[in-house]
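Visitor: Sharing a structure with you now.
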Amino acid sequence: FKEWEVVEGDITLPNPTSHRTTFTMPTMPVKIRATYTYAPEHKLTVQGGTGSGDFTQHTVVEISAQEDVEAGKLFKEWKVVSGSVEIDTKLKTQRFTMPGNDLVLKAIYTYGVDVSGGSGSGRYTPGDTVTVTADEVTDAGKEFDGFTLTPSSIEVEDFTQKTITFTMPEESVTVTRNTRSIPYNVMFDSQGGTPLAEMKVLFDALIVAPSAPTK
């Protein structure tokens, strides 16, 4: 609707652009015509969800986040990237009235980090900095031997440090603290015979005795 147009009759409409208006009937015929114009369409872009399209102002539109529980992708909230609109940012699927402007909405998700043998497990948003710290190794004869991350494409400055950080990707992450057997030096006393070479043996490994020394 654009406005009311007086085609015939000597009257003045107080609110010609209102959908509903009034006037005082004169002593002559009156002819009034409603005029219309095409409403402009505004672009709705939904990132990480469904509902994108071109809509006129006041159109009721529906958006929905694309959560994937099996893959560990859980909906967190909606972010208004550009434009102006009032929505419930915590509601995964919802309807709202299209405003008179282009609009970009982004669904924000969290992904899980599962740490075995250390701290840092939890849910994170892509781009967050995740800090993982190894637990102390309590197994006899074992020592810390770095971390293994899955997926392996995650960049870490030094996997051998007991505390590492990385940027959360758009997928779930598994972190495993590795251990290794501690190497020990074994020395032999030849009791005056030919010297016997020192051996390096891992904890709990079977030691093969060297050949007997000669005097």
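Scheme for the structure tokens: letters A, B, ... for chains in order shown; per-chain residue numbers from 1; ligand numbers from 1 in order shown.
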Find the spatial neighbours of Arg180 (chain A), counting only C-alpha atoms, within a cut-off of 8 Å - ignore same-chain residues fewer than 2 positions away - and output them as a ChimeraX atom specification.
Guide: /A:142-145,178,182
Visitor: Give me the residues within 10 Å of Ser152 (chain A) as a ChimeraX atom specification, counting only C-alpha atoms and dropping any in the same chain fewer than 5 places off.
Guide: /A:173-175
Visitor: My list of candidates is A:Lys31, A:Asp54, A:Ser64, A:Arg20. Which is closest to Glu8 (chain A) when distances are computed with only C-alpha atoms?
Guide: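 Result for the nearest residue to Glu8 (chain A): A:Lys31.
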Visitor: Closest to Thr125 (chain A) among A:Tyr109, A:Phe55, A:Trp4, A:Tyr36, using only C-alpha atoms?
Guide: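 That would be A:Tyr109, the residue with the smallest distance to Thr125 (chain A).
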Visitor: Measuring between only C-alpha atoms, which one of A:Val113, A:Val208, A:Leu13, A:Leu91 shows the shortest distance to Ala65 (chain A)?
Guide: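 The answer is A:Leu91, which sits nearest to Ala65 (chain A).
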Visitor: Determine which residues of region 22-147 of chain A receive a DSSP assignment of strand (DSSP E), computed from the backbone, and state them as a ChimeraX atom specification.
Guide: /A:31-35,41-47,49-50,53-56,60-65,74-82,93-97,103-116,118-119,122-124,129-134,142-147
Visitor: For the residues in that selection, give me C-alpha atoms as a JSON list (two decimals), in the first residue's frame.
Guide:
[["chain", "number", "residue", "atom", "x", "y", "z"],
["A", 31, "LYS", "CA", -14.45, 8.64, -5.18],
["A", 32, "ILE", "CA", -11.31, 7.47, -3.43],
["A", 33, "ARG", "CA", -8.71, 5.08, -4.86],
["A", 34, "ALA", "CA", -6.11, 3.04, -3.05],
["A", 35, "THR", "CA", -2.69, 3.13, -4.76],
["A", 41, "GLU", "CA", 13.01, -6.93, -1.32],
["A", 42, "HIS", "CA", 15.79, -7.27, 1.22],
["A", 43, "LYS", "CA", 18.38, -10.04, 1.27],
["A", 44, "LEU", "CA", 18.56, -12.41, 4.21],
["A", 45, "THR", "CA", 21.82, -14.38, 4.38],
["A", 46, "VAL", "CA", 22.00, -17.22, 6.90],
["A", 47, "GLN", "CA", 25.53, -18.51, 7.50],
["A", 49, "GLY", "CA", 21.99, -22.55, 8.73],
["A", 50, "THR", "CA", 18.91, -22.43, 6.52],
["A", 53, "GLY", "CA", 16.42, -15.58, 0.57],
["A", 54, "ASP", "CA", 15.00, -12.27, -0.65],
["A", 55, "PHE", "CA", 12.02, -10.97, 1.32],
["A", 56, "THR", "CA", 9.91, -7.83, 1.55],
["A", 60, "VAL", "CA", 7.56, -13.66, 8.45],
["A", 61, "VAL", "CA", 10.69, -15.73, 7.79],
["A", 62, "GLU", "CA", 12.08, -18.85, 9.45],
["A", 63, "ILE", "CA", 15.73, -19.65, 10.16],
["A", 64, "SER", "CA", 17.20, -22.87, 11.50],
["A", 65, "ALA", "CA", 20.66, -23.87, 12.68],
["A", 74, "LEU", "CA", 26.22, -28.22, 18.93],
["A", 75, "PHE", "CA", 24.36, -24.96, 18.39],
["A", 76, "LYS", "CA", 25.36, -22.14, 20.73],
["A", 77, "GLU", "CA", 23.72, -18.93, 19.50],
["A", 78, "TRP", "CA", 22.88, -16.64, 16.59],
["A", 79, "LYS", "CA", 25.08, -13.69, 15.77],
["A", 80, "VAL", "CA", 23.80, -10.66, 13.85],
["A", 81, "VAL", "CA", 26.71, -10.04, 11.47],
["A", 82, "SER", "CA", 25.13, -7.06, 9.71],
["A", 93, "THR", "CA", 14.83, -22.63, 15.00],
["A", 94, "GLN", "CA", 12.67, -19.52, 15.04],
["A", 95, "ARG", "CA", 10.52, -17.12, 13.06],
["A", 96, "PHE", "CA", 10.78, -13.35, 12.95],
["A", 97, "THR", "CA", 9.51, -10.43, 10.87],
["A", 103, "LEU", "CA", 20.42, -8.93, 7.06],
["A", 104, "VAL", "CA", 23.26, -11.39, 7.68],
["A", 105, "LEU", "CA", 22.85, -13.91, 10.51],
["A", 106, "LYS", "CA", 25.45, -16.49, 11.53],
["A", 107, "ALA", "CA", 24.87, -19.67, 13.52],
["A", 108, "ILE", "CA", 27.62, -20.17, 16.08],
["A", 109, "TYR", "CA", 28.50, -23.72, 17.10],
["A", 110, "THR", "CA", 30.70, -25.35, 19.72],
["A", 111, "TYR", "CA", 32.85, -28.44, 19.29],
["A", 112, "GLY", "CA", 34.30, -30.79, 21.89],
["A", 113, "VAL", "CA", 37.90, -31.21, 23.02],
["A", 114, "ASP", "CA", 38.57, -34.57, 24.71],
["A", 115, "VAL", "CA", 41.89, -34.69, 26.58],
["A", 116, "SER", "CA", 43.25, -38.04, 27.77],
["A", 118, "GLY", "CA", 45.61, -34.02, 31.02],
["A", 119, "SER", "CA", 43.36, -30.99, 31.53],
["A", 122, "GLY", "CA", 35.43, -28.96, 27.20],
["A", 123, "ARG", "CA", 33.41, -27.29, 24.46],
["A", 124, "TYR", "CA", 34.88, -24.47, 22.41],
["A", 129, "THR", "CA", 42.44, -20.59, 22.07],
["A", 130, "VAL", "CA", 42.53, -23.99, 23.77],
["A", 131, "THR", "CA", 45.10, -24.71, 26.50],
["A", 132, "VAL", "CA", 46.00, -28.31, 27.37],
["A", 133, "THR", "CA", 48.26, -29.32, 30.28],
["A", 134, "ALA", "CA", 49.59, -32.83, 30.84],
["A", 142, "LYS", "CA", 57.40, -44.00, 32.58],
["A", 143, "GLU", "CA", 57.84, -40.35, 31.59],
["A", 144, "PHE", "CA", 56.00, -37.74, 29.51],
["A", 145, "ASP", "CA", 56.52, -38.03, 25.76],
["A", 146, "GLY", "CA", 54.50, -35.22, 24.18],
["A", 147, "PHE", "CA", 50.96, -35.01, 22.83]]
Visitor: Give me, please, the distance in Å between CA of Gly193 (chain A) and CA of Ser211 (chain A), quoted to one decimal.
Guide: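 Interatomic distance here is 11.7 Å.
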Visitor: Within 10 Å of Val156 (chain A), counting only C-alpha atoms, which residues qualify if same-chain residues fewer than 5 places away don't, as a list in words?
Guide: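 The contact residues come out as Phe147, Leu149, Gln161, Ile164, Thr165, Phe166 and Thr167 of chain A.
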Visitor: Identify which of the residues A:Glu171, A:Glu198, A:Asp158, A:Asp204 lies closest to Glu70 (chain A), counting only C-alpha atoms when measuring atom-to-atom distances.
Guide: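 Once distances to Glu70 (chain A) are computed over only C-alpha atoms, the minimum belongs to A:Glu171.
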Visitor: Please provide the set of residues having any atom within 6 Å of Ser181 (chain A), restricted to only C-alpha atoms, with same-chain residues fewer than 5 positions apart removed, written as a PDB file with N, CA, C and O atoms, in the first residue's frame.
Guide:
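Written file, around.pdb:
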ATOM      1  N   GLY A 141      58.526 -46.112  36.048  1.00  0.00           N
ATOM      2  CA  GLY A 141      59.407 -46.250  34.906  1.00  0.00           C
ATOM      3  C   GLY A 141      58.943 -45.558  33.641  1.00  0.00           C
ATOM      4  O   GLY A 141      59.497 -45.793  32.570  1.00  0.00           O
ATOM      5  N   LYS A 142      57.933 -44.704  33.735  1.00  0.00           N
ATOM      6  CA  LYS A 142      57.403 -43.997  32.580  1.00  0.00           C
ATOM      7  C   LYS A 142      57.630 -42.492  32.726  1.00  0.00           C
ATOM      8  O   LYS A 142      57.710 -41.963  33.835  1.00  0.00           O
ATOM      9  N   LEU A 202      65.796 -49.867  28.699  1.00  0.00           N
ATOM     10  CA  LEU A 202      64.516 -49.289  29.087  1.00  0.00           C
ATOM     11  C   LEU A 202      63.967 -49.990  30.313  1.00  0.00           C
ATOM     12  O   LEU A 202      64.220 -51.182  30.546  1.00  0.00           O
ATOM     13  N   PHE A 203      63.204 -49.241  31.101  1.00  0.00           N
ATOM     14  CA  PHE A 203      62.591 -49.792  32.301  1.00  0.00           C
ATOM     15  C   PHE A 203      61.757 -51.027  31.951  1.00  0.00           C
ATOM     16  O   PHE A 203      61.009 -51.039  30.975  1.00  0.00           O
TER      17      PHE A 203
END
Visitor: Expressed in Å to a single decimal, how great is the separation between CA of Thr21 (chain A) and CA of His58 (chain A)?
Guide: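 Straight-line distance from CA of Thr21 (chain A) to CA of His58 (chain A) works out to 21.0 Å.
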Visitor: Which polymer residues have any atom within 8 Å of an atom of Pro169 (chain A), counting only C-alpha atoms, with same-chain residues fewer than 4 positions away left out, as a PyMOL selection string?
Guide: chain A and resi 126-127+154
